[in-house]
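One file, coords-v8.pdb, is given below (PDB, C-alpha atoms, pLDDT in the B column).
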ATOM      1  CA  MET A 461       9.340   2.813   8.821  1.00 38.00           C
ATOM      2  CA  ALA A 462       6.956   5.403   7.414  1.00 51.00           C
ATOM      3  CA  GLU A 463       3.293   4.611   7.163  1.00 71.00           C
ATOM      4  CA  GLN A 464       2.528   2.654   4.010  1.00 86.00           C
ATOM      5  CA  ILE A 465       1.158   4.736   1.126  1.00 93.00           C
ATOM      6  CA  SER A 466      -2.338   3.740   0.026  1.00 96.00           C
ATOM      7  CA  LEU A 467      -2.755   3.727  -3.717  1.00 97.00           C
ATOM      8  CA  LEU A 468      -5.872   3.218  -5.835  1.00 98.00           C
ATOM      9  CA  TYR A 469      -5.361   1.679  -9.275  1.00 98.00           C
ATOM     10  CA  VAL A 470      -8.298   1.827 -11.704  1.00 98.00           C
ATOM     11  CA  ASP A 471      -8.338  -0.315 -14.857  1.00 97.00           C
ATOM     12  CA  ASP A 472     -11.185  -2.101 -16.660  1.00 97.00           C
ATOM     13  CA  GLU A 473      -9.036  -5.199 -17.246  1.00 95.00           C
ATOM     14  CA  SER A 474      -8.749  -7.423 -14.180  1.00 96.00           C
ATOM     15  CA  ILE A 475      -5.460  -8.955 -15.401  1.00 95.00           C
ATOM     16  CA  ASN A 476      -3.892  -5.466 -15.287  1.00 94.00           C
ATOM     17  CA  LEU A 477      -5.233  -4.938 -11.765  1.00 96.00           C
ATOM     18  CA  LYS A 478      -3.723  -8.244 -10.657  1.00 97.00           C
ATOM     19  CA  LEU A 479      -0.335  -7.510 -12.282  1.00 94.00           C
ATOM     20  CA  PHE A 480      -0.219  -4.071 -10.751  1.00 95.00           C
ATOM     21  CA  GLU A 481      -1.117  -5.392  -7.314  1.00 96.00           C
ATOM     22  CA  LEU A 482       1.476  -8.192  -7.469  1.00 96.00           C
ATOM     23  CA  ASN A 483       4.201  -5.761  -8.456  1.00 94.00           C
ATOM     24  CA  PHE A 484       3.428  -3.005  -5.983  1.00 95.00           C
ATOM     25  CA  LYS A 485       1.975  -4.697  -2.897  1.00 94.00           C
ATOM     26  CA  SER A 486       5.380  -4.897  -1.245  1.00 94.00           C
ATOM     27  CA  LYS A 487       5.827  -1.110  -1.613  1.00 93.00           C
ATOM     28  CA  PHE A 488       2.312   0.278  -1.219  1.00 95.00           C
ATOM     29  CA  ARG A 489      -1.107  -0.669   0.079  1.00 96.00           C
ATOM     30  CA  VAL A 490      -2.856  -1.286  -3.266  1.00 97.00           C
ATOM     31  CA  VAL A 491      -6.613  -0.945  -3.690  1.00 98.00           C
ATOM     32  CA  THR A 492      -8.068  -1.708  -7.136  1.00 98.00           C
ATOM     33  CA  ALA A 493     -11.227  -0.790  -9.031  1.00 98.00           C
ATOM     34  CA  LEU A 494     -12.590  -2.024 -12.368  1.00 98.00           C
ATOM     35  CA  SER A 495     -14.223   1.285 -13.352  1.00 98.00           C
ATOM     36  CA  GLY A 496     -14.256   4.993 -12.662  1.00 98.00           C
ATOM     37  CA  ASP A 497     -17.538   4.601 -10.777  1.00 98.00           C
ATOM     38  CA  ASP A 498     -16.022   1.911  -8.549  1.00 98.00           C
ATOM     39  CA  GLY A 499     -12.980   4.124  -8.053  1.00 98.00           C
ATOM     40  CA  LEU A 500     -15.124   7.047  -6.915  1.00 98.00           C
ATOM     41  CA  ALA A 501     -16.984   4.778  -4.476  1.00 98.00           C
ATOM     42  CA  ILE A 502     -13.685   3.553  -3.022  1.00 98.00           C
ATOM     43  CA  LEU A 503     -12.404   7.116  -2.596  1.00 98.00           C
ATOM     44  CA  GLU A 504     -15.621   8.030  -0.754  1.00 98.00           C
ATOM     45  CA  ASN A 505     -15.056   5.172   1.691  1.00 97.00           C
ATOM     46  CA  ASP A 506     -11.272   5.071   2.105  1.00 97.00           C
ATOM     47  CA  PRO A 507      -9.770   8.310   3.447  1.00 96.00           C
ATOM     48  CA  THR A 508      -6.268   6.786   3.545  1.00 96.00           C
ATOM     49  CA  ILE A 509      -5.755   6.844  -0.242  1.00 97.00           C
ATOM     50  CA  SER A 510      -3.172   9.448  -1.261  1.00 96.00           C
ATOM     51  CA  VAL A 511      -2.349   8.313  -4.812  1.00 97.00           C
ATOM     52  CA  VAL A 512      -4.591   7.369  -7.747  1.00 98.00           C
ATOM     53  CA  ILE A 513      -3.375   5.794 -10.977  1.00 97.00           C
ATOM     54  CA  SER A 514      -5.973   5.270 -13.669  1.00 97.00           C
ATOM     55  CA  ASP A 515      -5.956   3.590 -17.034  1.00 96.00           C
ATOM     56  CA  MET A 516      -6.868   6.035 -19.798  1.00 95.00           C
ATOM     57  CA  ARG A 517      -9.133   3.950 -22.021  1.00 94.00           C
ATOM     58  CA  MET A 518     -12.082   2.450 -20.194  1.00 94.00           C
ATOM     59  CA  PRO A 519     -15.733   2.023 -21.152  1.00 94.00           C
ATOM     60  CA  LYS A 520     -18.345   4.494 -19.822  1.00 94.00           C
ATOM     61  CA  MET A 521     -15.870   6.867 -18.167  1.00 96.00           C
ATOM     62  CA  ASP A 522     -12.280   7.262 -19.361  1.00 96.00           C
ATOM     63  CA  GLY A 523      -9.383   7.861 -17.000  1.00 97.00           C
ATOM     64  CA  LEU A 524      -9.312  11.643 -17.335  1.00 97.00           C
ATOM     65  CA  GLU A 525     -13.081  11.927 -16.776  1.00 97.00           C
ATOM     66  CA  PHE A 526     -12.727   9.768 -13.662  1.00 98.00           C
ATOM     67  CA  ILE A 527      -9.800  11.855 -12.384  1.00 98.00           C
ATOM     68  CA  ALA A 528     -11.617  15.139 -13.069  1.00 98.00           C
ATOM     69  CA  LYS A 529     -14.582  13.899 -11.006  1.00 98.00           C
ATOM     70  CA  ALA A 530     -12.393  12.482  -8.237  1.00 98.00           C
ATOM     71  CA  LYS A 531     -10.309  15.645  -8.003  1.00 97.00           C
ATOM     72  CA  GLN A 532     -13.419  17.765  -7.331  1.00 97.00           C
ATOM     73  CA  SER A 533     -14.006  15.858  -4.085  1.00 97.00           C
ATOM     74  CA  PHE A 534     -10.415  14.823  -3.330  1.00 97.00           C
ATOM     75  CA  PRO A 535      -8.091  17.624  -4.480  1.00 97.00           C
ATOM     76  CA  TYR A 536      -5.284  16.580  -2.108  1.00 95.00           C
ATOM     77  CA  ILE A 537      -4.735  13.205  -3.844  1.00 97.00           C
ATOM     78  CA  VAL A 538      -1.905  12.821  -6.377  1.00 97.00           C
ATOM     79  CA  TYR A 539      -3.262  11.590  -9.743  1.00 98.00           C
ATOM     80  CA  TYR A 540      -1.578   9.752 -12.604  1.00 97.00           C
ATOM     81  CA  ILE A 541      -2.821   8.377 -15.895  1.00 96.00           C
ATOM     82  CA  LEU A 542      -1.578   5.151 -17.456  1.00 93.00           C
ATOM     83  CA  THR A 543      -1.934   4.639 -21.191  1.00 91.00           C
ATOM     84  CA  GLY A 544      -0.987   2.059 -23.779  1.00 88.00           C
ATOM     85  CA  PHE A 545      -0.767   4.828 -26.356  1.00 84.00           C
ATOM     86  CA  ASP A 546       1.372   7.867 -27.049  1.00 84.00           C
ATOM     87  CA  ILE A 547       0.590  11.092 -25.249  1.00 83.00           C
ATOM     88  CA  THR A 548      -2.618  12.639 -26.578  1.00 88.00           C
ATOM     89  CA  ASP A 549      -3.815  16.253 -26.655  1.00 93.00           C
ATOM     90  CA  GLU A 550      -6.182  15.365 -23.807  1.00 93.00           C
ATOM     91  CA  ILE A 551      -3.335  14.051 -21.668  1.00 93.00           C
ATOM     92  CA  ASN A 552      -1.169  17.054 -22.532  1.00 95.00           C
ATOM     93  CA  GLU A 553      -3.989  19.363 -21.496  1.00 96.00           C
ATOM     94  CA  ALA A 554      -4.533  17.420 -18.246  1.00 96.00           C
ATOM     95  CA  LEU A 555      -0.819  17.846 -17.468  1.00 96.00           C
ATOM     96  CA  SER A 556      -0.838  21.578 -18.219  1.00 96.00           C
ATOM     97  CA  LYS A 557      -3.951  22.114 -16.058  1.00 95.00           C
ATOM     98  CA  ASN A 558      -2.411  20.050 -13.237  1.00 94.00           C
ATOM     99  CA  LEU A 559      -5.260  17.562 -13.397  1.00 96.00           C
ATOM    100  CA  ILE A 560      -2.611  14.829 -13.391  1.00 97.00           C
ATOM    101  CA  ASN A 561       0.977  14.879 -12.109  1.00 96.00           C
ATOM    102  CA  LYS A 562       2.367  12.662 -14.815  1.00 95.00           C
ATOM    103  CA  TYR A 563       1.422   9.988 -17.293  1.00 94.00           C
ATOM    104  CA  PHE A 564       2.925   6.526 -17.588  1.00 94.00           C
ATOM    105  CA  ARG A 565       3.089   4.239 -20.595  1.00 92.00           C
ATOM    106  CA  LYS A 566       1.974   0.613 -20.622  1.00 87.00           C
ATOM    107  CA  PRO A 567       3.532  -1.812 -20.120  1.00 85.00           C
ATOM    108  CA  PHE A 568       4.306  -0.035 -16.866  1.00 84.00           C
ATOM    109  CA  ASN A 569       7.805   0.616 -15.650  1.00 90.00           C
ATOM    110  CA  PHE A 570       7.707  -0.191 -11.929  1.00 90.00           C
ATOM    111  CA  ARG A 571      10.750   1.864 -10.967  1.00 93.00           C
ATOM    112  CA  GLU A 572       9.436   4.894 -12.839  1.00 95.00           C
ATOM    113  CA  ILE A 573       6.033   4.681 -11.142  1.00 95.00           C
ATOM    114  CA  GLU A 574       7.482   4.021  -7.697  1.00 94.00           C
ATOM    115  CA  GLY A 575       9.959   6.887  -8.100  1.00 94.00           C
ATOM    116  CA  ALA A 576       7.277   9.336  -9.242  1.00 94.00           C
ATOM    117  CA  ILE A 577       4.993   8.438  -6.326  1.00 93.00           C
ATOM    118  CA  THR A 578       7.780   8.645  -3.773  1.00 90.00           C
ATOM    119  CA  SER A 579       8.997  12.029  -5.001  1.00 90.00           C
ATOM    120  CA  ALA A 580       5.463  13.462  -5.296  1.00 89.00           C
ATOM    121  CA  LEU A 581       4.689  12.566  -1.689  1.00 86.00           C
ATOM    122  CA  ASP A 582       7.992  13.740  -0.196  1.00 81.00           C
TER     123      ASP A 582
END
In structure tokens, how does this file's structure come out?
Amino acid sequence: MAEQISLLYVDDESINLKLFELNFKSKFRVVTALSGDDGLAILENDPTISVVISDMRMPKMDGLEFIAKAKQSFPYIVYYILTGFDITDEINEALSKNLINKYFRKPFNFREIEGAITSALD
């Protein structure tokens, strides 16, 4: 079996972190963070993370701001945004600039996310 993929999921709502972890822990090693700042700290300390999924709307630092900062230090990681809303101009721009690989809608579709991660890392 291939080495398990380490994934960081960032969301300001702990219930979302728990749901995500429960649904994906059999497929991936899931690390969670409640804010962009926490996410950056985790990335600094965990070199095994190869995928980051971040919620879009969070206080202090939104998902795209977090990803832009993370990508400066960790350009080799695959980034995704998760949003409860329709695609915005900001998300469209992030896609066109390759800041993110893809965006997912909440409530998340597990097969879609798993498939996107698997194909991005192949």
For Ser579 (chain A), the nearest of the candidates A:Ser514, A:Asn561, A:Gln532, A:Asn552, counting all atoms listed in the file: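 Looking only at the distances to Ser579 (chain A), the closest residue turns out to be A:Asn561.
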Distance criterion (only C-alpha atoms): nearest to Ile465 (chain A) out of A:Lys557, A:Lys478, A:Arg489, A:Arg517: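 Of all the options, A:Arg489 lies closest to Ile465 (chain A).
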Ground truth for the PyMOL selection byres ((chain A and resi 526-528) around 12), written as a PyMOL selection string: chain A and resi 468-471+493-501+503+511-525+529-535+537-542+551+554-555+557-561
Got time to write the residues from that selection, C-alpha atoms, as an mmCIF file, in the frame of the given file?
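Contents of the output file again_32.cif:
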data_model
loop_
_atom_site.group_PDB
_atom_site.id
_atom_site.type_symbol
_atom_site.label_atom_id
_atom_site.label_comp_id
_atom_site.auth_asym_id
_atom_site.auth_seq_id
_atom_site.Cartn_x
_atom_site.Cartn_y
_atom_site.Cartn_z
ATOM 1 C CA LEU A 468 -5.872 3.218 -5.835
ATOM 2 C CA TYR A 469 -5.361 1.679 -9.275
ATOM 3 C CA VAL A 470 -8.298 1.827 -11.704
ATOM 4 C CA ASP A 471 -8.338 -0.315 -14.857
ATOM 5 C CA ALA A 493 -11.227 -0.790 -9.031
ATOM 6 C CA LEU A 494 -12.590 -2.024 -12.368
ATOM 7 C CA SER A 495 -14.223 1.285 -13.352
ATOM 8 C CA GLY A 496 -14.256 4.993 -12.662
ATOM 9 C CA ASP A 497 -17.538 4.601 -10.777
ATOM 10 C CA ASP A 498 -16.022 1.911 -8.549
ATOM 11 C CA GLY A 499 -12.980 4.124 -8.053
ATOM 12 C CA LEU A 500 -15.124 7.047 -6.915
ATOM 13 C CA ALA A 501 -16.984 4.778 -4.476
ATOM 14 C CA LEU A 503 -12.404 7.116 -2.596
ATOM 15 C CA VAL A 511 -2.349 8.313 -4.812
ATOM 16 C CA VAL A 512 -4.591 7.369 -7.747
ATOM 17 C CA ILE A 513 -3.375 5.794 -10.977
ATOM 18 C CA SER A 514 -5.973 5.270 -13.669
ATOM 19 C CA ASP A 515 -5.956 3.590 -17.034
ATOM 20 C CA MET A 516 -6.868 6.035 -19.798
ATOM 21 C CA ARG A 517 -9.133 3.950 -22.021
ATOM 22 C CA MET A 518 -12.082 2.450 -20.194
ATOM 23 C CA PRO A 519 -15.733 2.023 -21.152
ATOM 24 C CA LYS A 520 -18.345 4.494 -19.822
ATOM 25 C CA MET A 521 -15.870 6.867 -18.167
ATOM 26 C CA ASP A 522 -12.280 7.262 -19.361
ATOM 27 C CA GLY A 523 -9.383 7.861 -17.000
ATOM 28 C CA LEU A 524 -9.312 11.643 -17.335
ATOM 29 C CA GLU A 525 -13.081 11.927 -16.776
ATOM 30 C CA LYS A 529 -14.582 13.899 -11.006
ATOM 31 C CA ALA A 530 -12.393 12.482 -8.237
ATOM 32 C CA LYS A 531 -10.309 15.645 -8.003
ATOM 33 C CA GLN A 532 -13.419 17.765 -7.331
ATOM 34 C CA SER A 533 -14.006 15.858 -4.085
ATOM 35 C CA PHE A 534 -10.415 14.823 -3.330
ATOM 36 C CA PRO A 535 -8.091 17.624 -4.480
ATOM 37 C CA ILE A 537 -4.735 13.205 -3.844
ATOM 38 C CA VAL A 538 -1.905 12.821 -6.377
ATOM 39 C CA TYR A 539 -3.262 11.590 -9.743
ATOM 40 C CA TYR A 540 -1.578 9.752 -12.604
ATOM 41 C CA ILE A 541 -2.821 8.377 -15.895
ATOM 42 C CA LEU A 542 -1.578 5.151 -17.456
ATOM 43 C CA ILE A 551 -3.335 14.051 -21.668
ATOM 44 C CA ALA A 554 -4.533 17.420 -18.246
ATOM 45 C CA LEU A 555 -0.819 17.846 -17.468
ATOM 46 C CA LYS A 557 -3.951 22.114 -16.058
ATOM 47 C CA ASN A 558 -2.411 20.050 -13.237
ATOM 48 C CA LEU A 559 -5.260 17.562 -13.397
ATOM 49 C CA ILE A 560 -2.611 14.829 -13.391
ATOM 50 C CA ASN A 561 0.977 14.879 -12.109
#
Atomic separation - CA of Ser474 (chain A) relative to CA of Ala576 (chain A), Å: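 Atom-to-atom, CA of Ala576 (chain A) to CA of Ser474 (chain A), that is 23.7 Å.
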Coordinates-based distance that separates CA of Leu477 (chain A) from CA of Glu550 (chain A) (Å, one decimal):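 Answer for the CA of Glu550 (chain A) to CA of Leu477 (chain A) separation: 23.6 Å.
With CA of Gly544 (chain A) on one side and CA of Pro567 (chain A) on the other, the separation reads 7.0 Å.
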Selection under test: the PyMOL selection byres ((chain A and resi 464) around 8); residues as a ChimeraX atom specification: /A:462-463,465-466,487-489
To box region 496-500 of chain A, take all atoms listed in the file, fit an axis-aligned box, add 6 Å on each side, and give centre and edge lengths in Å to one decimal, as lines of an AutoDock Vina configuration file.
center_x = -15.3
center_y = 4.5
center_z = -9.8
size_x = 16.6
size_y = 17.1
size_z = 17.7
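Candidate residues A:Leu467, A:Lys562, A:Glu481, A:Glu572 were compared for distance to Thr508 (chain A), and the nearest is A:Leu467, using all atoms listed in the file.
Here the PyMOL selection byres ((chain A and resi 545) around 8) catches exactly these residues: Thr543, Gly544, Asp546, Ile547, Arg565 and Lys566 of chain A.
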Keeping only C-alpha atoms, write the selected residues as a JSON list (two decimals), in the frame of the given file.
[["chain", "number", "residue", "atom", "x", "y", "z"],
["A", 543, "THR", "CA", -1.93, 4.64, -21.19],
["A", 544, "GLY", "CA", -0.99, 2.06, -23.78],
["A", 546, "ASP", "CA", 1.37, 7.87, -27.05],
["A", 547, "ILE", "CA", 0.59, 11.09, -25.25],
["A", 565, "ARG", "CA", 3.09, 4.24, -20.60],
["A", 566, "LYS", "CA", 1.97, 0.61, -20.62]]
As a PDB file, in the coordinates of the input, the rebuilt region 482-518 of chain A with N, CA and C atoms:
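Generated file (rebuild_29.pdb):
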ATOM      1  N   LEU A 482       0.348  -7.296  -7.745  1.00 96.00           N
ATOM      2  CA  LEU A 482       1.476  -8.192  -7.469  1.00 96.00           C
ATOM      3  C   LEU A 482       2.800  -7.438  -7.448  1.00 96.00           C
ATOM      4  N   ASN A 483       2.940  -6.477  -8.352  1.00 94.00           N
ATOM      5  CA  ASN A 483       4.201  -5.761  -8.456  1.00 94.00           C
ATOM      6  C   ASN A 483       4.395  -4.671  -7.410  1.00 94.00           C
ATOM      7  N   PHE A 484       3.300  -4.141  -6.894  1.00 95.00           N
ATOM      8  CA  PHE A 484       3.428  -3.005  -5.983  1.00 95.00           C
ATOM      9  C   PHE A 484       3.032  -3.281  -4.535  1.00 95.00           C
ATOM     10  N   LYS A 485       2.479  -4.461  -4.257  1.00 94.00           N
ATOM     11  CA  LYS A 485       1.975  -4.697  -2.897  1.00 94.00           C
ATOM     12  C   LYS A 485       3.061  -4.712  -1.834  1.00 94.00           C
ATOM     13  N   SER A 486       4.305  -4.939  -2.246  1.00 94.00           N
ATOM     14  CA  SER A 486       5.380  -4.897  -1.245  1.00 94.00           C
ATOM     15  C   SER A 486       5.766  -3.450  -0.908  1.00 94.00           C
ATOM     16  N   LYS A 487       5.458  -2.515  -1.801  1.00 93.00           N
ATOM     17  CA  LYS A 487       5.827  -1.110  -1.613  1.00 93.00           C
ATOM     18  C   LYS A 487       4.682  -0.260  -1.071  1.00 93.00           C
ATOM     19  N   PHE A 488       3.473  -0.550  -1.545  1.00 95.00           N
ATOM     20  CA  PHE A 488       2.312   0.278  -1.219  1.00 95.00           C
ATOM     21  C   PHE A 488       1.132  -0.596  -0.811  1.00 95.00           C
ATOM     22  N   ARG A 489       0.178   0.006  -0.145  1.00 96.00           N
ATOM     23  CA  ARG A 489      -1.107  -0.669   0.079  1.00 96.00           C
ATOM     24  C   ARG A 489      -1.909  -0.403  -1.197  1.00 96.00           C
ATOM     25  N   VAL A 490      -2.193  -1.446  -1.971  1.00 97.00           N
ATOM     26  CA  VAL A 490      -2.856  -1.286  -3.266  1.00 97.00           C
ATOM     27  C   VAL A 490      -4.328  -1.654  -3.175  1.00 97.00           C
ATOM     28  N   VAL A 491      -5.173  -0.717  -3.592  1.00 98.00           N
ATOM     29  CA  VAL A 491      -6.613  -0.945  -3.690  1.00 98.00           C
ATOM     30  C   VAL A 491      -6.928  -0.848  -5.176  1.00 98.00           C
ATOM     31  N   THR A 492      -7.790  -1.736  -5.699  1.00 98.00           N
ATOM     32  CA  THR A 492      -8.068  -1.708  -7.136  1.00 98.00           C
ATOM     33  C   THR A 492      -9.553  -1.533  -7.403  1.00 98.00           C
ATOM     34  N   ALA A 493      -9.845  -0.986  -8.588  1.00 98.00           N
ATOM     35  CA  ALA A 493     -11.227  -0.790  -9.031  1.00 98.00           C
ATOM     36  C   ALA A 493     -11.294  -1.063 -10.526  1.00 98.00           C
ATOM     37  N   LEU A 494     -12.411  -1.657 -10.952  1.00 98.00           N
ATOM     38  CA  LEU A 494     -12.590  -2.024 -12.368  1.00 98.00           C
ATOM     39  C   LEU A 494     -13.218  -0.921 -13.213  1.00 98.00           C
ATOM     40  N   SER A 495     -13.616   0.190 -12.584  1.00 98.00           N
ATOM     41  CA  SER A 495     -14.223   1.285 -13.352  1.00 98.00           C
ATOM     42  C   SER A 495     -14.074   2.592 -12.589  1.00 98.00           C
ATOM     43  N   GLY A 496     -14.297   3.684 -13.302  1.00 98.00           N
ATOM     44  CA  GLY A 496     -14.256   4.993 -12.662  1.00 98.00           C
ATOM     45  C   GLY A 496     -15.296   5.106 -11.558  1.00 98.00           C
ATOM     46  N   ASP A 497     -16.485   4.557 -11.799  1.00 98.00           N
ATOM     47  CA  ASP A 497     -17.538   4.601 -10.777  1.00 98.00           C
ATOM     48  C   ASP A 497     -17.109   3.860  -9.519  1.00 98.00           C
ATOM     49  N   ASP A 498     -16.516   2.673  -9.704  1.00 98.00           N
ATOM     50  CA  ASP A 498     -16.022   1.911  -8.549  1.00 98.00           C
ATOM     51  C   ASP A 498     -14.916   2.699  -7.839  1.00 98.00           C
ATOM     52  N   GLY A 499     -14.072   3.328  -8.623  1.00 98.00           N
ATOM     53  CA  GLY A 499     -12.980   4.124  -8.053  1.00 98.00           C
ATOM     54  C   GLY A 499     -13.503   5.260  -7.195  1.00 98.00           C
ATOM     55  N   LEU A 500     -14.529   5.946  -7.682  1.00 98.00           N
ATOM     56  CA  LEU A 500     -15.124   7.047  -6.915  1.00 98.00           C
ATOM     57  C   LEU A 500     -15.720   6.531  -5.611  1.00 98.00           C
ATOM     58  N   ALA A 501     -16.386   5.373  -5.682  1.00 98.00           N
ATOM     59  CA  ALA A 501     -16.984   4.778  -4.476  1.00 98.00           C
ATOM     60  C   ALA A 501     -15.901   4.429  -3.451  1.00 98.00           C
ATOM     61  N   ILE A 502     -14.788   3.894  -3.925  1.00 98.00           N
ATOM     62  CA  ILE A 502     -13.685   3.553  -3.022  1.00 98.00           C
ATOM     63  C   ILE A 502     -13.124   4.811  -2.365  1.00 98.00           C
ATOM     64  N   LEU A 503     -12.936   5.864  -3.153  1.00 98.00           N
ATOM     65  CA  LEU A 503     -12.404   7.116  -2.596  1.00 98.00           C
ATOM     66  C   LEU A 503     -13.337   7.682  -1.523  1.00 98.00           C
ATOM     67  N   GLU A 504     -14.634   7.558  -1.738  1.00 98.00           N
ATOM     68  CA  GLU A 504     -15.621   8.030  -0.754  1.00 98.00           C
ATOM     69  C   GLU A 504     -15.459   7.299   0.575  1.00 98.00           C
ATOM     70  N   ASN A 505     -15.076   6.025   0.505  1.00 97.00           N
ATOM     71  CA  ASN A 505     -15.056   5.172   1.691  1.00 97.00           C
ATOM     72  C   ASN A 505     -13.687   4.893   2.277  1.00 97.00           C
ATOM     73  N   ASP A 506     -12.623   5.345   1.604  1.00 97.00           N
ATOM     74  CA  ASP A 506     -11.272   5.071   2.105  1.00 97.00           C
ATOM     75  C   ASP A 506     -10.456   6.359   2.159  1.00 97.00           C
ATOM     76  N   PRO A 507     -10.477   7.031   3.313  1.00 96.00           N
ATOM     77  CA  PRO A 507      -9.770   8.310   3.447  1.00 96.00           C
ATOM     78  C   PRO A 507      -8.246   8.182   3.468  1.00 96.00           C
ATOM     79  N   THR A 508      -7.726   6.948   3.479  1.00 96.00           N
ATOM     80  CA  THR A 508      -6.268   6.786   3.545  1.00 96.00           C
ATOM     81  C   THR A 508      -5.593   6.888   2.177  1.00 96.00           C
ATOM     82  N   ILE A 509      -6.368   6.841   1.093  1.00 97.00           N
ATOM     83  CA  ILE A 509      -5.755   6.844  -0.242  1.00 97.00           C
ATOM     84  C   ILE A 509      -5.147   8.208  -0.567  1.00 97.00           C
ATOM     85  N   SER A 510      -3.852   8.193  -0.947  1.00 96.00           N
ATOM     86  CA  SER A 510      -3.172   9.448  -1.261  1.00 96.00           C
ATOM     87  C   SER A 510      -2.690   9.509  -2.708  1.00 96.00           C
ATOM     88  N   VAL A 511      -2.794   8.375  -3.417  1.00 97.00           N
ATOM     89  CA  VAL A 511      -2.349   8.313  -4.812  1.00 97.00           C
ATOM     90  C   VAL A 511      -3.383   7.541  -5.626  1.00 97.00           C
ATOM     91  N   VAL A 512      -3.699   8.066  -6.827  1.00 98.00           N
ATOM     92  CA  VAL A 512      -4.591   7.369  -7.747  1.00 98.00           C
ATOM     93  C   VAL A 512      -3.880   7.247  -9.087  1.00 98.00           C
ATOM     94  N   ILE A 513      -3.876   6.029  -9.623  1.00 97.00           N
ATOM     95  CA  ILE A 513      -3.375   5.794 -10.977  1.00 97.00           C
ATOM     96  C   ILE A 513      -4.529   5.183 -11.752  1.00 97.00           C
ATOM     97  N   SER A 514      -4.856   5.779 -12.889  1.00 97.00           N
ATOM     98  CA  SER A 514      -5.973   5.270 -13.669  1.00 97.00           C
ATOM     99  C   SER A 514      -5.555   4.976 -15.097  1.00 97.00           C
ATOM    100  N   ASP A 515      -6.099   3.891 -15.617  1.00 96.00           N
ATOM    101  CA  ASP A 515      -5.956   3.590 -17.034  1.00 96.00           C
ATOM    102  C   ASP A 515      -6.677   4.692 -17.803  1.00 96.00           C
ATOM    103  N   MET A 516      -6.233   4.988 -19.004  1.00 95.00           N
ATOM    104  CA  MET A 516      -6.868   6.035 -19.798  1.00 95.00           C
ATOM    105  C   MET A 516      -8.132   5.523 -20.475  1.00 95.00           C
ATOM    106  N   ARG A 517      -8.015   4.441 -21.212  1.00 94.00           N
ATOM    107  CA  ARG A 517      -9.133   3.950 -22.021  1.00 94.00           C
ATOM    108  C   ARG A 517      -9.954   2.934 -21.269  1.00 94.00           C
ATOM    109  N   MET A 518     -11.155   3.348 -20.880  1.00 94.00           N
ATOM    110  CA  MET A 518     -12.082   2.450 -20.194  1.00 94.00           C
ATOM    111  C   MET A 518     -13.482   2.758 -20.719  1.00 94.00           C
TER     112      MET A 518
END
